[in-house]
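J.: TSV, C-alpha atoms (C1' of nucleotides), file final_33.tsv:
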```tsv
chain	number	residue	atom	x	y	z
A	24	MET	CA	-68.09	9.28	-80.15
A	25	VAL	CA	-67.01	7.30	-77.13
A	26	THR	CA	-63.31	6.51	-77.01
A	27	THR	CA	-61.20	4.61	-74.50
A	28	SER	CA	-57.62	5.58	-73.75
A	29	GLY	CA	-55.68	2.34	-73.90
A	30	PRO	CA	-56.21	-1.02	-75.58
A	31	LEU	CA	-59.28	-2.95	-74.49
A	32	ARG	CA	-59.21	-6.33	-72.80
A	33	SER	CA	-61.87	-7.37	-75.31
A	34	HIS	CA	-64.62	-5.94	-77.48
A	35	CYS	CA	-67.35	-7.77	-75.63
A	36	PRO	CA	-70.05	-5.10	-75.30
A	37	ILE	CA	-70.29	-5.67	-71.55
A	38	ASN	CA	-66.55	-5.34	-71.14
A	39	PHE	CA	-66.59	-2.11	-73.15
A	40	GLY	CA	-68.83	-0.54	-70.55
A	41	LEU	CA	-66.70	-1.89	-67.71
A	42	GLU	CA	-63.57	-0.34	-69.17
A	43	ILE	CA	-65.29	3.06	-69.07
A	44	PHE	CA	-67.30	3.00	-65.85
A	45	GLY	CA	-66.26	-0.24	-64.15
A	46	ASP	CA	-65.14	1.18	-60.82
A	47	LYS	CA	-66.66	2.31	-57.56
A	48	TRP	CA	-67.06	6.00	-58.43
A	49	THR	CA	-67.71	6.71	-62.11
A	50	LEU	CA	-71.31	5.52	-62.14
A	51	LEU	CA	-72.07	7.62	-59.05
A	52	VAL	CA	-70.87	10.70	-60.93
A	53	LEU	CA	-73.04	9.69	-63.88
A	54	ARG	CA	-75.98	9.14	-61.52
A	55	ASP	CA	-75.57	12.66	-60.14
A	56	LEU	CA	-75.25	14.04	-63.65
A	57	LEU	CA	-78.16	12.16	-65.23
A	58	LEU	CA	-80.54	11.56	-62.37
A	59	LYS	CA	-79.87	14.38	-59.95
A	60	GLY	CA	-79.07	17.13	-62.42
A	61	LYS	CA	-75.79	18.04	-60.71
A	62	ARG	CA	-73.44	20.18	-62.71
A	63	SER	CA	-70.59	21.68	-60.67
A	64	PHE	CA	-67.57	20.11	-58.98
A	65	LYS	CA	-68.88	21.19	-55.62
A	66	GLU	CA	-72.26	19.57	-56.22
A	67	PHE	CA	-70.68	16.24	-57.16
A	68	GLN	CA	-68.45	16.43	-54.12
A	69	SER	CA	-71.42	16.97	-51.83
A	70	SER	CA	-72.95	13.55	-52.52
A	71	GLU	CA	-73.42	11.48	-49.41
A	72	GLU	CA	-70.98	8.77	-50.54
A	73	GLY	CA	-68.15	11.27	-50.03
A	74	ILE	CA	-65.92	11.13	-53.09
A	75	ALA	CA	-62.41	12.52	-52.56
A	76	SER	CA	-61.61	15.64	-54.59
A	77	ASN	CA	-58.64	14.09	-56.40
A	78	ILE	CA	-60.71	11.08	-57.45
A	79	LEU	CA	-63.55	13.30	-58.62
A	80	ALA	CA	-61.22	15.50	-60.64
A	81	GLU	CA	-59.63	12.46	-62.26
A	82	ARG	CA	-63.02	10.90	-63.10
A	83	LEU	CA	-64.43	14.08	-64.61
A	84	ALA	CA	-61.29	14.48	-66.74
A	85	ARG	CA	-61.54	10.87	-67.84
A	86	LEU	CA	-65.25	11.13	-68.67
A	87	GLU	CA	-64.48	14.18	-70.77
A	88	ARG	CA	-61.70	12.37	-72.63
A	89	THR	CA	-64.03	9.42	-73.13
A	90	GLY	CA	-66.72	11.64	-74.61
A	91	LEU	CA	-69.44	11.19	-71.99
A	92	VAL	CA	-69.11	14.67	-70.53
A	93	THR	CA	-68.31	18.16	-71.74
A	94	SER	CA	-67.30	21.08	-69.57
A	95	ALA	CA	-67.92	24.78	-69.87
A	96	ARG	CA	-67.16	27.79	-67.73
A	97	VAL	CA	-70.26	29.40	-66.25
A	98	GLU	CA	-70.82	32.85	-67.77
A	99	SER	CA	-72.26	34.47	-64.65
A	100	ASP	CA	-69.42	33.17	-62.43
A	101	SER	CA	-66.20	32.32	-64.19
A	102	ARG	CA	-64.86	30.43	-61.19
A	103	GLN	CA	-67.40	27.74	-61.86
A	104	ILE	CA	-67.26	25.01	-64.47
A	105	HIS	CA	-70.36	23.11	-65.45
A	106	TYR	CA	-70.12	19.48	-66.50
A	107	LEU	CA	-72.77	18.30	-68.91
A	108	PRO	CA	-73.75	14.87	-70.21
A	109	THR	CA	-73.36	14.14	-73.91
A	110	THR	CA	-75.92	12.18	-75.93
A	111	ASP	CA	-73.84	9.02	-75.51
A	112	CYS	CA	-73.95	9.62	-71.79
A	113	ARG	CA	-77.70	10.06	-71.71
A	114	ALA	CA	-77.98	6.72	-73.46
A	115	LEU	CA	-76.83	5.20	-70.15
A	116	LEU	CA	-80.06	6.18	-68.44
A	117	PRO	CA	-81.83	2.83	-68.99
A	118	LEU	CA	-78.82	1.08	-67.47
A	119	LEU	CA	-78.96	3.32	-64.38
A	120	VAL	CA	-82.67	2.65	-64.05
A	121	GLU	CA	-82.10	-1.12	-64.21
A	122	MET	CA	-79.39	-0.84	-61.62
A	123	ALA	CA	-81.56	1.26	-59.34
A	124	TYR	CA	-84.42	-1.23	-59.70
A	125	TRP	CA	-82.21	-4.17	-58.79
A	126	GLY	CA	-80.78	-2.28	-55.83
A	127	ALA	CA	-84.21	-1.17	-54.67
A	128	ARG	CA	-85.49	-4.75	-54.81
A	129	HIS	CA	-82.49	-6.37	-53.14
A	130	ASP	CA	-81.28	-3.93	-50.49
A	131	PRO	CA	-83.55	-4.43	-47.46
A	132	ARG	CA	-82.62	-0.94	-46.25
A	133	THR	CA	-82.91	0.77	-49.62
A	134	ALA	CA	-83.41	4.52	-49.68
A	135	ALA	CA	-85.33	4.22	-52.95
A	136	PRO	CA	-88.93	5.41	-52.61
A	137	GLU	CA	-91.52	2.69	-52.89
A	138	ASP	CA	-93.22	4.35	-55.83
A	139	PHE	CA	-90.03	4.03	-57.85
A	140	VAL	CA	-90.40	0.25	-57.78
A	141	GLN	CA	-94.09	0.55	-58.55
A	142	ALA	CA	-93.49	2.94	-61.43
A	143	TYR	CA	-90.87	0.58	-62.88
A	144	GLU	CA	-93.17	-2.40	-62.68
A	145	ARG	CA	-96.08	-0.49	-64.14
A	146	ASP	CA	-94.25	1.00	-67.14
A	147	ARG	CA	-90.51	0.92	-67.34
A	148	ASP	CA	-90.17	2.92	-70.55
A	149	ALA	CA	-92.34	5.72	-69.18
A	150	LEU	CA	-90.22	5.82	-66.04
A	151	VAL	CA	-87.03	6.12	-68.07
A	152	LEU	CA	-88.54	8.98	-70.05
A	153	ALA	CA	-89.67	10.73	-66.89
A	154	MET	CA	-86.24	10.39	-65.28
A	155	ALA	CA	-84.55	11.72	-68.40
A	156	GLU	CA	-86.04	15.12	-67.73
A	157	VAL	CA	-84.07	15.63	-64.53
A	158	GLY	CA	-80.72	15.58	-66.27
A	159	ALA	CA	-82.21	16.95	-69.46
A	160	GLN	CA	-79.82	19.80	-70.15
A	161	SER	CA	-77.42	18.04	-72.49
A	162	ALA	CA	-74.06	19.11	-73.82
A	163	GLY	CA	-75.67	19.82	-77.18
A	164	ALA	CA	-78.38	21.98	-75.68
A	165	ALA	CA	-75.88	23.95	-73.61
A	166	GLN	CA	-73.71	24.41	-76.65
A	167	SER	CA	-76.57	26.01	-78.55
A	168	VAL	CA	-77.22	28.27	-75.57
A	169	ARG	CA	-73.57	29.36	-75.42
A	170	GLU	CA	-73.28	30.03	-79.13
B	25	MET	CA	-80.96	-12.58	-49.57
B	26	VAL	CA	-78.20	-10.32	-50.75
B	27	THR	CA	-75.83	-9.13	-48.04
B	28	THR	CA	-72.80	-6.88	-48.14
B	29	SER	CA	-69.86	-7.41	-45.81
B	30	GLY	CA	-69.08	-3.96	-44.42
B	31	PRO	CA	-71.08	-0.80	-43.90
B	32	LEU	CA	-72.40	0.86	-47.06
B	33	ARG	CA	-71.43	4.32	-48.28
B	34	SER	CA	-75.15	4.91	-48.76
B	35	HIS	CA	-78.42	3.08	-49.39
B	36	CYS	CA	-78.92	4.70	-52.76
B	37	PRO	CA	-80.09	1.76	-54.90
B	38	ILE	CA	-77.43	2.49	-57.52
B	39	ASN	CA	-74.72	2.60	-54.90
B	40	PHE	CA	-75.93	-0.71	-53.48
B	41	GLY	CA	-75.17	-2.38	-56.78
B	42	LEU	CA	-71.81	-0.68	-57.04
B	43	GLU	CA	-70.78	-1.93	-53.62
B	44	ILE	CA	-71.41	-5.49	-54.82
B	45	PHE	CA	-70.23	-5.51	-58.44
B	46	GLY	CA	-68.63	-2.09	-58.92
B	47	ASP	CA	-65.22	-3.17	-60.12
B	48	LYS	CA	-63.57	-4.30	-63.31
B	49	TRP	CA	-64.05	-8.03	-62.86
B	50	THR	CA	-67.19	-9.03	-60.97
B	51	LEU	CA	-69.65	-8.26	-63.77
B	52	LEU	CA	-67.52	-10.25	-66.21
B	53	VAL	CA	-67.85	-13.27	-63.93
B	54	LEU	CA	-71.61	-12.68	-63.76
B	55	ARG	CA	-71.72	-12.33	-67.56
B	56	ASP	CA	-70.00	-15.71	-67.93
B	57	LEU	CA	-72.34	-17.21	-65.36
B	58	LEU	CA	-75.60	-15.76	-66.67
B	59	LEU	CA	-74.99	-15.29	-70.37
B	60	LYS	CA	-72.39	-17.88	-71.27
B	61	GLY	CA	-73.45	-20.65	-68.91
B	62	LYS	CA	-69.98	-21.10	-67.46
B	63	ARG	CA	-69.77	-23.07	-64.25
B	64	SER	CA	-66.22	-24.12	-63.31
B	65	PHE	CA	-63.20	-22.13	-62.16
B	66	LYS	CA	-61.32	-23.16	-65.27
B	67	GLU	CA	-64.12	-21.96	-67.56
B	68	PHE	CA	-64.21	-18.54	-65.91
B	69	GLN	CA	-60.44	-18.31	-66.15
B	70	SER	CA	-60.49	-19.07	-69.86
B	71	SER	CA	-62.39	-15.89	-70.77
B	72	GLU	CA	-60.54	-13.71	-73.22
B	73	GLU	CA	-60.17	-10.82	-70.77
B	74	GLY	CA	-57.71	-12.95	-68.79
B	75	ILE	CA	-58.67	-12.72	-65.14
B	76	ALA	CA	-55.91	-13.66	-62.71
B	77	SER	CA	-56.58	-16.77	-60.66
B	78	ASN	CA	-56.28	-15.02	-57.29
B	79	ILE	CA	-58.75	-12.32	-58.36
B	80	LEU	CA	-61.17	-14.92	-59.68
B	81	ALA	CA	-60.98	-16.93	-56.47
B	82	GLU	CA	-61.58	-13.83	-54.39
B	83	ARG	CA	-64.54	-12.72	-56.52
B	84	LEU	CA	-66.22	-16.12	-56.46
B	85	ALA	CA	-65.83	-16.25	-52.67
B	86	ARG	CA	-67.24	-12.77	-52.34
B	87	LEU	CA	-70.20	-13.49	-54.64
B	88	GLU	CA	-70.94	-16.54	-52.56
B	89	ARG	CA	-70.83	-14.54	-49.32
B	90	THR	CA	-73.03	-11.90	-50.95
B	91	GLY	CA	-75.59	-14.47	-51.94
B	92	LEU	CA	-75.36	-14.19	-55.72
B	93	VAL	CA	-73.64	-17.53	-56.23
B	94	THR	CA	-73.67	-20.97	-54.66
B	95	SER	CA	-71.05	-23.64	-55.14
B	96	ALA	CA	-71.24	-27.40	-55.22
B	97	ARG	CA	-68.78	-30.17	-55.84
B	98	VAL	CA	-69.42	-32.04	-59.08
B	99	GLU	CA	-70.54	-35.62	-58.37
B	100	SER	CA	-68.87	-37.19	-61.38
B	101	ASP	CA	-65.53	-35.45	-60.71
B	102	SER	CA	-64.89	-34.36	-57.15
B	103	ARG	CA	-61.97	-32.12	-58.13
B	104	GLN	CA	-64.42	-29.81	-59.81
B	105	ILE	CA	-66.65	-27.24	-58.17
B	106	HIS	CA	-69.59	-25.76	-60.01
B	107	TYR	CA	-70.64	-22.21	-59.32
B	108	LEU	CA	-74.32	-21.46	-59.88
B	109	PRO	CA	-76.31	-18.22	-59.97
B	110	THR	CA	-78.98	-17.65	-57.35
B	111	THR	CA	-82.36	-16.10	-58.10
B	112	ASP	CA	-81.10	-12.70	-56.95
B	113	CYS	CA	-78.23	-13.10	-59.39
B	114	ARG	CA	-80.50	-13.97	-62.28
B	115	ALA	CA	-82.40	-10.76	-61.55
B	116	LEU	CA	-79.31	-8.96	-62.87
B	117	LEU	CA	-79.92	-10.21	-66.39
B	118	PRO	CA	-81.83	-7.10	-67.56
B	119	LEU	CA	-78.95	-4.96	-66.31
B	120	LEU	CA	-76.44	-7.03	-68.28
B	121	VAL	CA	-78.59	-6.76	-71.38
B	122	GLU	CA	-78.78	-2.97	-71.03
B	123	MET	CA	-75.06	-2.80	-70.59
B	124	ALA	CA	-74.45	-5.01	-73.61
B	125	TYR	CA	-76.79	-2.89	-75.70
B	126	TRP	CA	-75.03	0.34	-74.74
B	127	GLY	CA	-71.65	-1.23	-75.44
B	128	ALA	CA	-72.80	-2.66	-78.76
B	129	ARG	CA	-74.12	0.74	-79.82
B	130	HIS	CA	-71.12	2.78	-78.69
B	131	ASP	CA	-68.06	0.64	-79.33
B	132	PRO	CA	-67.22	1.05	-83.02
B	133	ARG	CA	-65.32	-2.25	-82.92
B	134	THR	CA	-67.89	-4.17	-80.89
B	135	ALA	CA	-67.84	-7.94	-81.04
B	136	ALA	CA	-71.59	-8.02	-80.44
B	137	PRO	CA	-73.48	-9.61	-83.33
B	138	GLU	CA	-75.63	-7.21	-85.31
B	139	ASP	CA	-78.78	-9.19	-84.64
B	140	PHE	CA	-78.35	-8.62	-80.91
B	141	VAL	CA	-78.94	-4.91	-81.41
B	142	GLN	CA	-81.84	-5.65	-83.75
B	143	ALA	CA	-83.41	-8.11	-81.32
B	144	TYR	CA	-83.12	-5.56	-78.51
B	145	GLU	CA	-84.76	-2.84	-80.56
B	146	ARG	CA	-87.50	-5.14	-81.76
B	147	ASP	CA	-88.48	-6.56	-78.36
B	148	ARG	CA	-86.27	-6.07	-75.34
B	149	ASP	CA	-88.30	-8.20	-72.95
B	150	ALA	CA	-88.33	-11.14	-75.35
B	151	LEU	CA	-84.56	-10.84	-75.72
B	152	VAL	CA	-84.06	-10.90	-71.96
B	153	LEU	CA	-86.21	-14.01	-71.70
B	154	ALA	CA	-84.30	-15.70	-74.50
B	155	MET	CA	-80.94	-14.90	-72.92
B	156	ALA	CA	-82.12	-16.19	-69.56
B	157	GLU	CA	-82.17	-19.72	-70.96
B	158	VAL	CA	-78.42	-19.83	-71.48
B	159	GLY	CA	-77.62	-19.53	-67.79
B	160	ALA	CA	-80.89	-21.18	-66.83
B	161	GLN	CA	-79.57	-23.78	-64.38
B	162	SER	CA	-80.03	-21.87	-61.16
B	163	ALA	CA	-78.82	-22.65	-57.68
B	164	GLY	CA	-82.35	-23.62	-56.72
B	165	ALA	CA	-82.72	-25.98	-59.63
B	166	ALA	CA	-79.35	-27.57	-58.93
B	167	GLN	CA	-80.28	-27.94	-55.30
B	168	SER	CA	-83.43	-29.86	-56.16
B	169	VAL	CA	-81.34	-32.07	-58.44
B	170	ARG	CA	-78.79	-32.77	-55.72
B	171	GLU	CA	-81.32	-33.55	-53.06
C	17	DG	C1'	-57.89	45.50	-50.05
C	18	DT	C1'	-59.32	41.65	-47.41
C	19	DT	C1'	-61.90	37.49	-47.10
C	20	DA	C1'	-64.57	33.70	-49.25
C	21	DT	C1'	-65.47	30.48	-52.77
C	22	DT	C1'	-64.49	27.28	-56.51
C	23	DA	C1'	-61.92	23.89	-58.75
C	24	DC	C1'	-58.67	21.78	-58.36
C	25	DT	C1'	-53.33	19.76	-57.02
C	26	DT	C1'	-49.85	17.62	-54.05
C	27	DG	C1'	-47.79	14.36	-50.90
C	28	DC	C1'	-48.08	10.37	-48.61
C	29	DA	C1'	-50.19	6.18	-46.32
C	30	DT	C1'	-52.98	2.30	-47.30
C	31	DA	C1'	-55.44	-0.92	-50.14
C	32	DT	C1'	-56.18	-3.32	-54.33
C	33	DT	C1'	-54.60	-5.59	-58.46
C	34	DA	C1'	-51.43	-8.05	-61.57
C	35	DC	C1'	-48.07	-11.48	-62.53
C	36	DA	C1'	-45.56	-15.65	-61.83
C	37	DA	C1'	-44.87	-19.57	-59.45
C	38	DG	C1'	-46.21	-23.15	-56.36
C	39	DT	C1'	-49.41	-26.57	-53.73
C	40	DG	C1'	-52.71	-30.25	-52.38
C	41	DA	C1'	-56.37	-33.15	-53.71
C	42	DT	C1'	-58.29	-36.02	-57.03
C	43	DA	C1'	-58.51	-38.36	-61.58
C	44	DC	C1'	-56.54	-40.80	-65.39
C	45	DC	C1'	-53.69	-44.21	-67.58
C	46	DA	C1'	-50.22	-47.98	-68.40
D	13	DT	C1'	-49.93	-49.40	-58.33
D	14	DG	C1'	-47.15	-45.80	-59.62
D	15	DG	C1'	-46.50	-41.80	-62.50
D	16	DT	C1'	-48.57	-37.92	-64.83
D	17	DA	C1'	-52.29	-34.65	-65.61
D	18	DT	C1'	-55.94	-31.70	-64.09
D	19	DC	C1'	-58.44	-28.76	-61.07
D	20	DA	C1'	-59.06	-25.20	-57.79
D	21	DC	C1'	-56.88	-22.66	-55.67
D	22	DT	C1'	-52.62	-20.02	-52.57
D	23	DT	C1'	-48.47	-17.38	-51.92
D	24	DG	C1'	-45.12	-13.76	-52.66
D	25	DT	C1'	-44.04	-9.63	-54.52
D	26	DA	C1'	-44.24	-5.66	-57.64
D	27	DA	C1'	-47.17	-2.24	-59.69
D	28	DT	C1'	-51.18	0.57	-59.51
D	29	DA	C1'	-55.11	2.81	-57.52
D	30	DT	C1'	-57.46	4.88	-53.72
D	31	DG	C1'	-58.15	7.65	-49.51
D	32	DC	C1'	-56.99	11.49	-46.62
D	33	DA	C1'	-55.33	15.95	-45.30
D	34	DA	C1'	-53.49	19.98	-46.62
D	35	DG	C1'	-52.39	23.49	-49.91
D	36	DT	C1'	-52.90	26.63	-54.17
D	37	DA	C1'	-54.42	29.72	-58.06
D	38	DA	C1'	-58.11	32.26	-59.95
D	39	DT	C1'	-62.11	34.78	-59.37
D	40	DA	C1'	-65.89	36.92	-56.70
D	41	DA	C1'	-67.98	39.40	-52.93
D	42	DC	C1'	-67.88	42.88	-49.49
```
Starting from the file, lay out its structure as structure tokens.
T.:
Amino acid sequence: MVTTSGPLRSHCPINFGLEIFGDKWTLLVLRDLLLKGKRSFKEFQSSEEGIASNILAERLARLERTGLVTSARVESDSRQIHYLPTTDCRALLPLLVEMAYWGARHDPRTAAPEDFVQAYERDRDALVLAMAEVGAQSAGAAQSVRE
Amino acid sequence: MVTTSGPLRSHCPINFGLEIFGDKWTLLVLRDLLLKGKRSFKEFQSSEEGIASNILAERLARLERTGLVTSARVESDSRQIHYLPTTDCRALLPLLVEMAYWGARHDPRTAAPEDFVQAYERDRDALVLAMAEVGAQSAGAAQSVRE
DNA sequence: GTTATTACTTGCATATTACAAGTGATACCA
DNA sequence: TGGTATCACTTGTAATATGCAAGTAATAAC
């Protein structure tokens, strides 16, 4: 279940999303989580956009409260915490793909590989499925591993 | 052509979008423009989320600079200015639909009508096409009318 | 036992947003 | 033709969020 902290400005479905990830950083964290398979604080921090550690910590905590992320200490190294996407989080993948497609088509200096655009235009649903595998380890799956 | 003002944090296609509409208000303006067919300052201001007039003015100016919106004085009432989506802006419609679908599915109190979810699940592309008609009057179309 | 690594926290400067009120240009109406 | 209303903003100021640099506690590695 996805829950927001305070009262919402409205229950417009677009606004609902904005209240959760409508800022400059949250969707980048979700991108790293869902598309790049990042799991640890350090990995998120290493992204080229350069998120500040206090912002990252606050966003991860918020995503966990919201229900899009779960966290678990790594068994082999108890200093580390792994952040994992929930099912509700993985449902954001099509949105990220749409966003990436728009960006790839409209940024003249885009870093997106050309075959991403081609793959989207050939078969969007297949592309979404293929990209899902990168961030495949879900909170549920990890839970069953831990238990 | 879509242009950003300053230097970008990265040319990741997802980040490109975030640099343009990665805040709490811009996508609501685009929603009103593309999905609700709103055109005037007053109409945007009347949305239930309650955007402040200075924020709205700044966002409209920024969207115009970016190339997602054009503005034109209304012939029949020269106090009014109409803001219109460009082609690049209308390309954001699939993204808005994805966002609305996620919100409709995950907000237990969503205001989205049930048949929106059904229409999406039945035929997403048809739904996008149908929704495009609401905000159909594009900057290009308006231009050809004015000239 | 010393040093390194990981995930943060803290303090403070700067930037962004929110709220309330005001302004100038144009339209409407008697 | 003069007064009032409407429209698209602007201005000032308080509150909030972000960005940056440095520091800390817990654990691991040597």
J.: Hey, can you check how far atom C1' of DA34 of chain C sits from atom CA of Glu87 of chain A?
T.: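 Answer for the atom C1' of DA34 of chain C to atom CA of Glu87 of chain A separation: 27.4 Å.
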J.: Using only C-alpha atoms, find each residue in chain A having at least one atom no more than 8 Å away from chain B; report its shortest atom-to-atom pair and that distance in Å (one decimal), rows by chain then rising number, as a tab-separated table.
T.:
```
residue	atom	partner	partner_atom	distance
A:Met24	CA	B:His130	CA	7.3
A:Val25	CA	B:His130	CA	6.3
A:Thr26	CA	B:Asp131	CA	7.9
A:Arg32	CA	B:Glu73	CA	5.0
A:Ser33	CA	B:Glu73	CA	6.0
A:His34	CA	B:Thr134	CA	5.0
A:Cys35	CA	B:Ala135	CA	5.4
A:Pro36	CA	B:Gly127	CA	4.2
A:Ile37	CA	B:Ala124	CA	4.7
A:Asn38	CA	B:Leu52	CA	7.0
A:Phe39	CA	B:Gly127	CA	5.6
A:Gly40	CA	B:Gly127	CA	5.7
A:Leu41	CA	B:Lys48	CA	5.9
A:Glu42	CA	B:Lys48	CA	7.1
A:Gly45	CA	B:Lys48	CA	4.9
A:Asp46	CA	B:Asp47	CA	4.4
A:Lys47	CA	B:Gly46	CA	5.0
A:Leu51	CA	B:Asn39	CA	7.0
A:Arg54	CA	B:Ile38	CA	7.9
A:Glu71	CA	B:Ser34	CA	6.8
A:Glu72	CA	B:Arg33	CA	5.0
A:Gly73	CA	B:Arg33	CA	7.9
A:Asp111	CA	B:His130	CA	7.5
A:Ala114	CA	B:Trp126	CA	7.1
A:Leu115	CA	B:Trp126	CA	6.9
A:Pro117	CA	B:Glu122	CA	6.9
A:Leu118	CA	B:Glu122	CA	5.4
A:Leu119	CA	B:Ile38	CA	7.1
A:Glu121	CA	B:Leu119	CA	5.4
A:Met122	CA	B:Ile38	CA	5.6
A:Ala123	CA	B:Ile38	CA	4.7
A:Tyr124	CA	B:Pro37	CA	7.1
A:Trp125	CA	B:Leu116	CA	6.9
A:Gly126	CA	B:Pro37	CA	4.2
A:Ala127	CA	B:Pro37	CA	5.1
A:His129	CA	B:Val26	CA	6.3
A:Asp130	CA	B:Phe40	CA	6.9
A:Arg132	CA	B:His35	CA	6.6
A:Thr133	CA	B:His35	CA	5.1
A:Ala134	CA	B:His35	CA	5.2
A:Ala135	CA	B:Pro37	CA	6.1
```
J.: Could you list as a list of chain:residue names every residue that has an atom within 12 Å of (-62.2, 35.0, -49.5), using the file's coordinates and counting all atoms listed in the file?
T.: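 Here the neighbourhood of the point contains C:DG17, C:DT18, C:DT19, C:DA20, C:DT21, C:DT22, D:DA38, D:DT39, D:DA40, D:DA41, D:DC42.
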J.: Write out, as a Markdown table, each residue of chain A that has an atom at most 10 Å from chain D, together with the closest pair of atoms and their distance in Å to one decimal, counting only C-alpha atoms (C1' of nucleotides), rows going by chain and rising number.
T.:
```
| residue | atom | partner | partner_atom | distance |
| --- | --- | --- | --- | --- |
| A:Ile74 | CA | D:DG31 | C1' | 9.2 |
| A:Ala75 | CA | D:DG31 | C1' | 7.2 |
| A:Asn77 | CA | D:DG31 | C1' | 9.4 |
| A:Ile78 | CA | D:DT30 | C1' | 7.9 |
| A:Asp100 | CA | D:DA40 | C1' | 7.7 |
| A:Ser101 | CA | D:DT39 | C1' | 6.8 |
| A:Arg102 | CA | D:DT39 | C1' | 5.5 |
| A:Gln103 | CA | D:DT39 | C1' | 9.2 |
```
J.: Could you pull out every residue with an atom within 12 Å of (-89.4, 5.8, -65.4), file coordinates, counting all atoms listed in the file, and send them as a ChimeraX atom specification?
T.: /A:58,116-121,123-124,138-157
J.: Next, the residues of the selection above should be written as a short mmCIF file (atom, residue, chain, number, x, y, z; two decimals), in the coordinates of the input with C-alpha atoms.
T.:
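Contents of the output file selection-v3.cif:
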```cif
data_model
loop_
_atom_site.label_atom_id
_atom_site.label_comp_id
_atom_site.auth_asym_id
_atom_site.auth_seq_id
_atom_site.Cartn_x
_atom_site.Cartn_y
_atom_site.Cartn_z
CA LEU A 58 -80.54 11.56 -62.37
CA LEU A 116 -80.06 6.18 -68.44
CA PRO A 117 -81.83 2.83 -68.99
CA LEU A 118 -78.82 1.08 -67.47
CA LEU A 119 -78.96 3.32 -64.38
CA VAL A 120 -82.67 2.65 -64.05
CA GLU A 121 -82.10 -1.12 -64.21
CA ALA A 123 -81.56 1.26 -59.34
CA TYR A 124 -84.42 -1.23 -59.70
CA ASP A 138 -93.22 4.35 -55.83
CA PHE A 139 -90.03 4.03 -57.85
CA VAL A 140 -90.40 0.25 -57.78
CA GLN A 141 -94.09 0.55 -58.55
CA ALA A 142 -93.49 2.94 -61.43
CA TYR A 143 -90.87 0.58 -62.88
CA GLU A 144 -93.17 -2.40 -62.68
CA ARG A 145 -96.08 -0.49 -64.14
CA ASP A 146 -94.25 1.00 -67.14
CA ARG A 147 -90.51 0.92 -67.34
CA ASP A 148 -90.17 2.92 -70.55
CA ALA A 149 -92.34 5.72 -69.18
CA LEU A 150 -90.22 5.82 -66.04
CA VAL A 151 -87.03 6.12 -68.07
CA LEU A 152 -88.54 8.98 -70.05
CA ALA A 153 -89.67 10.73 -66.89
CA MET A 154 -86.24 10.39 -65.28
CA ALA A 155 -84.55 11.72 -68.40
CA GLU A 156 -86.04 15.12 -67.73
CA VAL A 157 -84.07 15.63 -64.53
#
```
J.: Extract, using all atoms listed in the file, all DNA, RNA and protein residues at most 8 Å from Ser94 of chain A, discarding same-chain residues fewer than 5 positions from it, and format them as number ranges by chain.
T.: A: 87, 104-107
J.: Contacts from chain C to chain A, 8 Å maximum, all atoms listed in the file: show me the residue list as a ChimeraX atom specification.
T.: /C:22-25
J.: Would you compute the distance between atom CA of Leu54 of chain B and atom CA of Leu92 of chain B? Give it in Å to one decimal.
T.: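 If I compute the distance from atom CA of Leu54 of chain B to atom CA of Leu92 of chain B, I get 9.0 Å.
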J.: Hey, can you check how far atom CA of Leu86 of chain A sits from atom C1' of DT33 of chain C?
T.: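 Separating atom CA of Leu86 of chain A from atom C1' of DT33 of chain C is a distance of 22.3 Å.
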J.: Pick from B:Glu82, B:Thr94, B:Lys62, B:Arg89: nearest to DT32 of chain C, with all atoms listed in the file counted?
T.: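 Nearest to DT32 of chain C: B:Glu82.
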